[in-house]
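Engineer: One structure, pasted below without further comment.
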Amino acid sequence: KSELYHFFVTMLTRIQMRSTLSFLLAAVAVAFVPSAPFALQSSVDSQQPYLSAYANGCGVSGTIQVDKSGKSNVKKSSLPPPSLPNGGKISMVGSGPGDPDLLTVAAYRMITDPDVVIISDRLVSKEILDLIKGEYKIARKLPGCSGAAQDEIYKWCKEGLDAGKHVIRLKIGDPFVFGRGGEEVLKFREYGVEPKVIPGVSAAFAAPLLGSIPVTHRGASNQVVMCTGYGRDESSPDLIQYHKEQTVVFLMAVGRLRSLCERLINLAGYPSKTPVGIIQNAGCPNQRTVVGNMETIADLAEEYQVKAPSTIVVGEVVNVLLESDAETGESVVGLIQNMTATEV
């Protein structure tokens, strides 16, 4: 009997130990290894993103869902609706540098809609304007009268909204890169509507590329700065101080190119031999690229009658991809790319 008693006691002890071990392992698994599928969710009140993932036998795979309702800093209740009671609405669309092939799909769909009313910038290319199937007006925004032209743009947009139309505000490049896009959004909110904004390819990066100028290049440029040639009320913006491994891209500055170069040399420390390139009508059949330096580029621009829309690139990257003169070893200057003379 004594031996039988000890046998049962030993068996019960082992069973208890195994149960305890199983319990501990289960507790560790729950604490550190979530079962599949698993989810991590913060409370709705904390406004944190909600994530969920699904695991298989080889690790985590599947979908991640993000609740975007808590990501905006602006309460939707404080913004006007996307359309007026009469159906009037407005979309701000970037047309890129000028080549229709560089339009976004969303931009192409909107401007080819025959039922919209398009209010276009003066510098939007003819190739893009030719795609328009409906009514459009072009703002004649010239230097010195941009204020009056902007008021006319607002007037046309308001008339379209009051008529219950879908108004397309067509802008060159990207609406929010030196295009008064933010200012126009605020104005349209005064009209009681929140515009939809469609990004565009900015000439700040597309134009140099199309002109064979990389804005960054190891050993030549490790930073890029975008500037405008005109500040508020036709003023000159603050200058960017010289740095050898820096590229500066100027938009809307060709009209004051000579004074810009003089100020960069005298006030911002730029060497007079700093390379400068100008890309006119980037991506269009009449694209041209003119290259010189801070001393010569203004004269070259006058010689070749460079006009807007043009993008100016300042820095050592201008010459990175250019061939050097076989005799002098110096970089070629002048008109180096003239697509009007290129057979397609």
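Ordering of the structure tokens sets the chain letters (A, B, ...), residue numbers begin anew at 1 in every chain, and ligands are numbered from 1 in the order given.
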Quick one: residues within 10 Å of stretch 149-162 of chain A, only C-alpha atoms counted, chain neighbours fewer than 2 positions away excluded, as a PyMOL selection string?
Structural biologist: chain A and resi 83-90+116-121+137-142+144-147+164-169+180+184+187-188+191-193
Engineer: Using only C-alpha atoms, which residues sit within 12 Å of A:Tyr270 once same-chain residues fewer than 6 positions away are excluded, as a PyMOL selection string?
Structural biologist: chain A and resi 239-244+246-248+260-264+276+293-295+314-316
Engineer: Any chance you can output those residues with C-alpha atoms as a PDB file, in the first residue's frame?
Structural biologist:
ATOM      1  CA  LEU A 239      19.285  86.372 -51.665  1.00  0.00           C
ATOM      2  CA  ILE A 240      20.657  82.891 -51.008  1.00  0.00           C
ATOM      3  CA  GLN A 241      24.291  83.126 -49.876  1.00  0.00           C
ATOM      4  CA  TYR A 242      26.870  81.289 -51.950  1.00  0.00           C
ATOM      5  CA  HIS A 243      27.858  77.712 -51.188  1.00  0.00           C
ATOM      6  CA  LYS A 244      30.047  75.818 -53.644  1.00  0.00           C
ATOM      7  CA  GLN A 246      24.671  74.156 -53.758  1.00  0.00           C
ATOM      8  CA  THR A 247      22.237  74.442 -56.648  1.00  0.00           C
ATOM      9  CA  VAL A 248      19.841  77.384 -56.768  1.00  0.00           C
ATOM     10  CA  LEU A 260      19.741  89.240 -60.196  1.00  0.00           C
ATOM     11  CA  CYS A 261      23.247  88.214 -61.285  1.00  0.00           C
ATOM     12  CA  GLU A 262      24.718  91.540 -60.160  1.00  0.00           C
ATOM     13  CA  ARG A 263      23.133  91.209 -56.732  1.00  0.00           C
ATOM     14  CA  LEU A 264      24.265  87.587 -56.352  1.00  0.00           C
ATOM     15  CA  VAL A 276      24.292  79.538 -65.023  1.00  0.00           C
ATOM     16  CA  ASN A 293      28.142  82.210 -66.174  1.00  0.00           C
ATOM     17  CA  MET A 294      27.188  85.033 -63.842  1.00  0.00           C
ATOM     18  CA  GLU A 295      29.044  87.569 -66.005  1.00  0.00           C
ATOM     19  CA  VAL A 314      22.826  78.430 -60.793  1.00  0.00           C
ATOM     20  CA  GLY A 315      25.689  76.199 -59.665  1.00  0.00           C
ATOM     21  CA  GLU A 316      28.412  73.789 -60.729  1.00  0.00           C
TER      22      GLU A 316
END
Engineer: Taking only C-alpha atoms into account, name the residue in A:Pro175, A:Pro309, A:Gly134, A:Pro97 that is nearest to A:Met110.
Structural biologist: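 With only C-alpha atoms as the atom set, the closest residue is A:Gly134.
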Engineer: Pick out the closest residue to A:Ile172 from this set: A:Lys126, A:Lys196, A:Lys273, A:His217. Count only C-alpha atoms.
Structural biologist: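 Using only C-alpha atoms, A:Ile172 sits closest to A:Lys126.
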Engineer: Which residue out of A:Ala220, A:Val333, A:Ile265, A:Ala203 has the minimum interatomic distance to A:Ile312 when only C-alpha atoms are used?
Structural biologist: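 Selected residue with least distance to A:Ile312: A:Ala203.
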Engineer: Let's see if you can do this: from backbone DSSP, list all alpha helix (DSSP H) residues in stretch 183-264 of chain A, as number ranges by chain.
Structural biologist: A: 183-190, 203-210, 257-264
Engineer: Take atom CA of A:Leu123 and atom CA of A:Arg189 and report the distance between them in Å, one decimal.
Structural biologist: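 Between atom CA of A:Leu123 and atom CA of A:Arg189 the gap works out to 25.3 Å.
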Engineer: Using atom CA of A:Pro214 and atom CA of A:Leu170 as the two end points, give the distance in Å to one decimal.
Structural biologist: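 Atom CA of A:Pro214 sits 27.7 Å away from atom CA of A:Leu170.
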Engineer: Identify which of the residues A:Tyr108, A:Thr228, A:Asn319, A:Ala301 lies closest to A:Arg258, counting only C-alpha atoms when measuring atom-to-atom distances.
Structural biologist: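 That would be A:Ala301, the residue with the smallest distance to A:Arg258.
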Engineer: In Å, how far is it from atom CA of A:Ala207 to atom CA of A:Leu321?
Structural biologist: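 Computing the Euclidean distance for atom CA of A:Ala207 and atom CA of A:Leu321 yields 14.9 Å.
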Engineer: Among stretch 166-212 of chain A, which residues carry a DSSP assignment of strand (DSSP E), reported as JSON, numbers by chain?
Structural biologist: {"A": [166, 167, 168, 169, 170, 171, 196, 197, 198]}
Engineer: Hey, which of A:Val185, A:Val201, A:Leu257, A:Ile132 ends up closest to A:Ala282? Count only C-alpha atoms.
Structural biologist: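 Among the listed residues, the smallest separation from A:Ala282 belongs to A:Val201.
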